[in-house]
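run.txt follows (compact mmCIF, C-alpha atoms):
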# COMPACT_ATOMS: atom_id res chain seq x y z
CA MET A 6 0.00 0.00 0.00
CA LEU A 7 2.69 2.48 1.05
CA LYS A 8 4.83 1.31 -1.87
CA ASP A 9 2.04 2.10 -4.34
CA LEU A 10 1.27 5.44 -2.68
CA GLY A 11 4.92 6.50 -2.88
CA LYS A 12 5.05 5.44 -6.53
CA TYR A 13 2.04 7.52 -7.53
CA ILE A 14 3.19 10.56 -5.54
CA HIS A 15 6.58 10.39 -7.26
CA MET A 16 4.95 10.02 -10.70
CA ILE A 17 2.63 12.98 -10.14
CA GLU A 18 5.43 15.22 -8.86
CA LEU A 19 7.67 14.27 -11.78
CA GLY A 20 4.80 14.78 -14.23
CA LEU A 21 4.07 18.27 -12.91
CA LYS A 22 7.76 19.15 -13.10
CA TYR A 23 8.05 18.06 -16.72
CA LYS A 24 4.75 19.62 -17.73
CA LYS A 25 6.30 22.98 -16.86
CA ILE A 26 9.44 22.04 -18.81
CA PHE A 27 7.33 21.10 -21.85
CA GLN A 28 5.26 24.28 -21.62
CA LYS A 29 8.38 26.43 -21.67
CA THR A 30 9.09 25.17 -25.20
CA TYR A 31 5.50 24.59 -26.32
CA PHE A 32 4.41 28.17 -25.60
CA ASP A 33 7.67 29.87 -26.63
CA PRO A 34 6.62 32.36 -29.37
CA PHE A 35 10.15 32.70 -30.72
CA ILE A 36 11.16 29.07 -31.21
CA THR A 37 10.75 27.58 -34.69
CA MET A 38 9.22 24.18 -35.42
CA LYS A 39 12.35 22.07 -35.85
CA PRO A 40 14.18 23.04 -32.64
CA ALA A 41 10.87 22.96 -30.74
CA TYR A 42 10.13 19.36 -31.67
CA LYS A 43 13.73 18.39 -31.00
CA GLN A 44 13.66 19.91 -27.52
CA LEU A 45 10.29 18.36 -26.71
CA SER A 46 11.59 14.97 -27.84
CA ILE A 47 14.64 15.30 -25.60
CA ASP A 48 12.48 16.35 -22.64
CA ARG A 49 10.02 13.47 -23.17
CA GLN A 50 12.94 11.07 -23.29
CA ASN A 51 14.43 12.53 -20.11
CA TYR A 52 11.08 12.24 -18.35
CA SER A 53 10.60 8.65 -19.53
CA ASN A 54 14.10 7.60 -18.54
CA SER A 55 13.61 9.13 -15.09
CA VAL A 56 10.40 7.16 -14.55
CA LEU A 57 11.91 3.88 -15.77
CA LYS A 58 14.95 4.39 -13.53
CA PHE A 59 12.66 4.97 -10.53
CA LEU A 60 10.66 1.84 -11.39
CA ASN A 61 13.94 -0.09 -11.94
CA ILE A 62 13.04 -1.09 -15.51
CA GLU A 63 15.61 -1.56 -18.27
CA VAL A 64 14.82 -1.88 -21.98
CA GLU A 65 16.49 -4.49 -24.17
CA ILE A 66 16.31 -3.72 -27.91
CA ILE A 67 16.28 -6.67 -30.29
CA GLY A 68 16.87 -5.40 -33.82
CA GLU A 69 17.98 -1.99 -35.07
CA ILE A 70 16.32 1.42 -35.22
CA PRO A 71 17.11 2.89 -38.68
CA VAL A 72 19.62 5.72 -38.88
CA ARG A 73 17.48 7.71 -41.32
CA ASP A 74 14.39 9.63 -40.27
CA LYS A 75 10.90 10.40 -41.59
CA ILE A 76 9.72 6.94 -40.60
CA LEU A 77 6.44 5.87 -39.03
CA TYR A 78 6.93 3.49 -36.09
CA ALA A 79 3.96 1.12 -35.63
CA ILE A 80 3.90 -0.14 -32.04
CA ASN A 81 1.62 -2.54 -30.13
CA HIS A 82 -0.23 -1.04 -27.19
CA ARG A 83 -1.20 -2.39 -23.76
CA SER A 84 -0.32 0.40 -21.31
CA LEU A 85 0.70 4.05 -20.97
CA LEU A 86 4.06 2.61 -19.96
CA ASP A 87 4.50 1.66 -23.64
CA ILE A 88 5.25 5.30 -24.44
CA LEU A 89 7.92 5.52 -21.75
CA VAL A 90 9.58 2.32 -22.93
CA MET A 91 9.64 3.54 -26.54
CA GLU A 92 10.94 6.97 -25.56
CA ASN A 93 13.81 5.14 -23.87
CA VAL A 94 14.48 3.29 -27.13
CA PHE A 95 14.39 6.51 -29.15
CA SER A 96 16.69 8.23 -26.66
CA GLN A 97 19.32 5.56 -27.32
CA TYR A 98 19.23 6.50 -31.02
CA ASP A 99 18.82 10.29 -30.55
CA LYS A 100 15.51 10.30 -32.43
CA ASN A 101 13.17 13.25 -32.87
CA GLY A 102 9.48 12.51 -33.23
CA THR A 103 5.88 12.95 -32.15
CA TRP A 104 3.13 10.63 -30.91
CA VAL A 105 -0.24 10.48 -32.62
CA ALA A 106 -3.18 9.77 -30.31
CA LYS A 107 -6.96 10.09 -30.12
CA GLN A 108 -8.41 13.48 -29.20
CA GLU A 109 -10.05 12.04 -26.08
CA LEU A 110 -6.63 11.42 -24.54
CA PHE A 111 -5.90 15.16 -24.70
CA GLU A 112 -9.21 15.93 -22.98
CA HIS A 113 -8.43 13.78 -19.93
CA TRP A 114 -8.63 15.84 -16.73
CA LEU A 115 -5.37 14.48 -15.31
CA TYR A 116 -2.88 14.03 -18.13
CA GLY A 117 -4.47 15.71 -21.18
CA GLY A 118 -2.49 18.94 -20.76
CA PHE A 119 0.70 16.94 -20.23
CA PHE A 120 0.33 15.16 -23.58
CA GLU A 121 -0.50 18.36 -25.46
CA ALA A 122 2.39 20.36 -24.01
CA SER A 123 4.84 17.52 -24.72
CA GLY A 124 4.29 17.94 -28.46
CA CYS A 125 2.01 14.99 -29.17
CA MET A 126 -0.54 15.31 -32.01
CA SER A 127 -4.25 14.71 -31.45
CA VAL A 128 -6.62 13.35 -34.06
CA ASP A 129 -10.42 13.39 -33.82
CA LEU A 130 -11.51 10.22 -35.59
CA GLU A 131 -15.19 11.18 -35.41
CA ASN A 132 -14.80 14.60 -37.03
CA GLY A 133 -14.22 14.96 -40.77
CA LYS A 134 -12.91 18.52 -40.48
CA GLY A 135 -10.71 17.43 -37.60
CA MET A 136 -9.19 14.69 -39.74
CA ILE A 137 -8.43 17.14 -42.56
CA LYS A 138 -6.83 19.54 -40.08
CA PHE A 139 -4.74 16.74 -38.63
CA PHE A 140 -3.41 15.57 -42.00
CA LYS A 141 -2.54 19.15 -42.95
CA LYS A 142 -0.69 19.62 -39.67
CA ILE A 143 1.30 16.42 -39.95
CA LYS A 144 2.22 17.19 -43.57
CA LYS A 145 3.39 20.69 -42.66
CA THR A 146 5.40 19.34 -39.73
CA LEU A 147 7.19 16.74 -41.87
CA GLU A 148 7.93 19.38 -44.51
CA ASN A 149 9.53 21.69 -41.94
CA VAL A 150 11.28 19.15 -39.70
CA ASP A 151 13.65 17.01 -41.77
CA ASP A 152 14.56 14.68 -38.88
CA MET A 153 10.97 14.03 -37.81
CA ASN A 154 9.48 10.60 -37.08
CA ILE A 155 5.90 9.55 -36.32
CA TYR A 156 5.02 7.18 -33.45
CA ILE A 157 1.63 5.48 -33.45
CA PHE A 158 -0.29 2.56 -31.93
CA PRO A 159 -2.06 1.12 -35.01
CA GLU A 160 -4.29 -1.18 -32.94
CA GLY A 161 -6.13 2.04 -32.08
CA GLU A 162 -6.74 1.17 -28.43
CA ARG A 163 -5.16 -0.54 -25.46
CA ASN A 164 -5.12 -4.28 -26.01
CA LYS A 165 -5.58 -6.57 -23.00
CA GLU A 166 -4.98 -9.72 -25.03
CA GLU A 167 -1.66 -11.55 -25.39
CA CYS A 168 -1.93 -11.35 -29.18
CA VAL A 169 -1.86 -8.22 -31.37
CA LEU A 170 -5.16 -6.80 -32.65
CA GLU A 171 -5.76 -6.19 -36.33
CA PHE A 172 -4.55 -2.72 -37.26
CA GLN A 173 -6.90 0.15 -37.97
CA SER A 174 -6.34 2.10 -41.18
CA GLY A 175 -4.90 5.29 -39.65
CA ALA A 176 -1.22 4.35 -39.58
CA GLN A 177 -1.25 3.18 -43.19
CA LYS A 178 -3.07 6.34 -44.35
CA ILE A 179 -0.58 8.62 -42.58
CA ALA A 180 2.38 6.75 -44.05
CA LYS A 181 0.93 6.79 -47.58
CA ALA A 182 -0.11 10.45 -47.47
CA ASN A 183 3.38 11.51 -46.41
CA ASN A 184 5.46 8.95 -48.32
CA LEU A 185 6.79 7.40 -45.10
CA ASP A 186 8.30 3.97 -44.73
CA VAL A 187 7.17 1.99 -41.70
CA VAL A 188 9.04 0.14 -38.96
CA PRO A 189 7.00 -2.41 -36.97
CA VAL A 190 7.82 -2.58 -33.25
CA PHE A 191 6.68 -5.17 -30.72
CA ILE A 192 6.93 -4.62 -26.95
CA ASP A 193 7.10 -8.16 -25.57
CA ASP A 194 5.59 -7.65 -22.14
CA THR A 195 2.28 -6.85 -20.43
CA LEU A 196 3.31 -3.43 -19.20
CA GLU A 197 0.06 -2.75 -17.34
CA THR A 198 1.03 -5.61 -15.01
CA VAL A 199 4.67 -4.52 -14.99
CA PHE A 200 3.68 -1.06 -13.79
CA LYS A 201 1.44 -2.44 -11.03
CA GLU A 202 4.28 -4.62 -9.73
CA SER A 203 6.90 -1.85 -9.85
CA PRO A 204 9.17 -0.51 -8.51
CA PHE A 205 11.26 -3.66 -8.62
CA GLU A 206 13.96 -4.67 -6.17
CA GLU A 207 15.78 -6.52 -8.95
CA THR A 208 15.94 -4.89 -12.36
CA LYS A 209 13.04 -5.79 -14.64
CA ARG A 210 14.08 -6.16 -18.28
CA VAL A 211 11.53 -5.40 -21.00
CA LYS A 212 12.23 -6.69 -24.52
CA VAL A 213 11.43 -4.54 -27.55
CA PHE A 214 11.60 -6.19 -30.97
CA VAL A 215 12.28 -3.89 -33.93
CA GLY A 216 11.36 -5.17 -37.39
CA ASP A 217 12.66 -4.39 -40.85
CA VAL A 218 11.63 -1.28 -42.78
CA VAL A 219 8.53 -1.94 -44.90
CA ASP A 220 6.35 0.19 -47.17
CA ALA A 221 2.89 1.21 -46.00
CA ASP A 222 1.08 -1.40 -48.09
CA ASN A 223 2.98 -4.17 -46.30
CA LEU A 224 2.50 -2.90 -42.74
CA GLN A 225 0.30 -5.75 -41.50
CA ASN A 226 2.41 -8.43 -43.19
CA GLY A 227 5.62 -6.82 -41.93
CA TYR A 228 4.22 -6.90 -38.42
CA LYS A 229 3.26 -10.56 -38.71
CA GLU A 230 6.80 -11.31 -39.88
CA LEU A 231 8.17 -9.52 -36.82
CA LEU A 232 5.85 -11.50 -34.54
CA SER A 233 7.09 -14.74 -36.07
CA LYS A 234 10.40 -14.02 -34.32
CA THR A 235 8.59 -14.04 -30.96
CA SER A 236 6.11 -16.39 -29.34
CA LYS A 237 3.20 -14.04 -30.03
CA SER A 238 0.71 -13.78 -32.89
CA THR A 239 -2.14 -11.65 -34.17
CA CYS A 240 -5.63 -12.16 -32.72
CA VAL A 241 -7.12 -12.89 -36.13

Let me see the file written as structure tokens.
Amino acid sequence: MLKDLGKYIHMIELGLKYKKIFQKTYFDPFITMKPAYKQLSIDRQNYSNSVLKFLNIEVEIIGEIPVRDKILYAINHRSLLDILVMENVFSQYDKNGTWVAKQELFEHWLYGGFFEASGCMSVDLENGKGMIKFFKKIKKTLENVDDMNIYIFPEGERNKEECVLEFQSGAQKIAKANNLDVVPVFIDDTLETVFKESPFEETKRVKVFVGDVVDADNLQNGYKELLSKTSKSTCV
């Protein structure tokens, strides 16, 4: 009980600290797009690494993150901890990027402002005008930030199953519209459970499998090929 209470107090305090750090860049009227996204990426990575260190979690990468940029990373999703694990991965490769998430996440009373200020992009799937606005924004961002990458959970929601859900069409549409190659990524752990059991006395290692670069049309097949290297499969 006390362990959990201390964990949540630490997380909230750290989140409030970094929200202010994000806002300093996010609301800076004089910073241009490229250095802004770079700084926000660095700050998200620092926040994520601080949390994982506190929880005593290490990330083991199996495969290689490409050197080049302007890639869409398609990642399975079971927990908010997935973002922290992936930010740790991207920090090891000095990557600049932004997360794409549903609008409802940004409207959450507790962490909505945190996500917005950290440079993540919201998309309203139920609003046609909102979708058009989103695609215009992401295109403009990629045109102005030459080292940009896109991070997305193509399952579209948190998955409580051991397998990987069939992908929604959003990731493929973003990649096609912006001529992005795709890298499938599989986090081989149930991070919702990992978070509940943390912090760990002995270091907990989380494996992240990184697949080969594929074009948008082969996203689902590329992901299945990546899963064939693990003990997991798709749900369908």

Subject >> Point-to-point distance in Å for CA of Gly216 (chain A) and CA of Leu231 (chain A) >> reply: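 Separating CA of Leu231 (chain A) from CA of Gly216 (chain A) is a distance of 5.4 Å.
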
Subject >> Surrounding residues of Gln225 (chain A) excluding itself and chain neighbours under 4 positions, 9 Å, all atoms listed in the file, as a PyMOL selection string >> reply: chain A and resi 171-172+189+221+229-230

Subject >> Atomic separation - CA of Phe158 (chain A) relative to CA of Leu232 (chain A), Å >> reply: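 Computing it gives 15.6 Å between the two atoms.
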
Subject >> Two-atom distance - CA of Phe139 (chain A), CA of Val105 (chain A) (Å) >> reply: 9.8 Å

Subject >> Of the listed residues A:Asp151, A:Asp74, A:Asp48, A:Asp186, that which approaches Asn223 (chain A) most closely, counting all atoms listed in the file >> reply: A:Asp186

Original post:
In terms of the shortest atom-to-atom distance over only C-alpha atoms, which of A:Cys168, A:Ile76, A:Val213, A:Val218 is closest to Asp152 (chain A)?
Top reply: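 Answer, going by the shortest atom-to-atom distance: A:Ile76.
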
Under the rule of at most 6 Å, produce a per-residue listing of region 119-205 of chain A near region 78-84 of chain A: chain, number, name, the closest pair of atoms, and the distance in Å, as JSON lines, using all atoms listed in the file.
{"residue": "A:Tyr156", "atom": "CA", "partner": "A:Tyr78", "partner_atom": "CA", "distance": 4.9}
{"residue": "A:Ile157", "atom": "CA", "partner": "A:Ala79", "partner_atom": "CA", "distance": 5.4}
{"residue": "A:Phe158", "atom": "CA", "partner": "A:Ile80", "partner_atom": "CA", "distance": 5.0}
{"residue": "A:Arg163", "atom": "CA", "partner": "A:Arg83", "partner_atom": "CA", "distance": 4.7}
{"residue": "A:Asn164", "atom": "CA", "partner": "A:Arg83", "partner_atom": "CA", "distance": 4.9}
{"residue": "A:Val187", "atom": "CA", "partner": "A:Tyr78", "partner_atom": "CA", "distance": 5.8}
{"residue": "A:Val188", "atom": "CA", "partner": "A:Tyr78", "partner_atom": "CA", "distance": 4.9}
{"residue": "A:Pro189", "atom": "CA", "partner": "A:Ala79", "partner_atom": "CA", "distance": 4.8}
{"residue": "A:Val190", "atom": "CA", "partner": "A:Ile80", "partner_atom": "CA", "distance": 4.8}
{"residue": "A:Phe191", "atom": "CA", "partner": "A:Asn81", "partner_atom": "CA", "distance": 5.7}
{"residue": "A:Leu196", "atom": "CA", "partner": "A:Ser84", "partner_atom": "CA", "distance": 5.7}
{"residue": "A:Glu197", "atom": "CA", "partner": "A:Ser84", "partner_atom": "CA", "distance": 5.1}

**OP:** Dig up all the protein and nucleic acid residues within 12 Å of (14.1, 5.0, -13.1) in the file frame, using all atoms listed in the file, and format them as a ChimeraX atom specification.
**Re:** /A:12,15-16,19,50-64,89-90,93,203-206,208-209
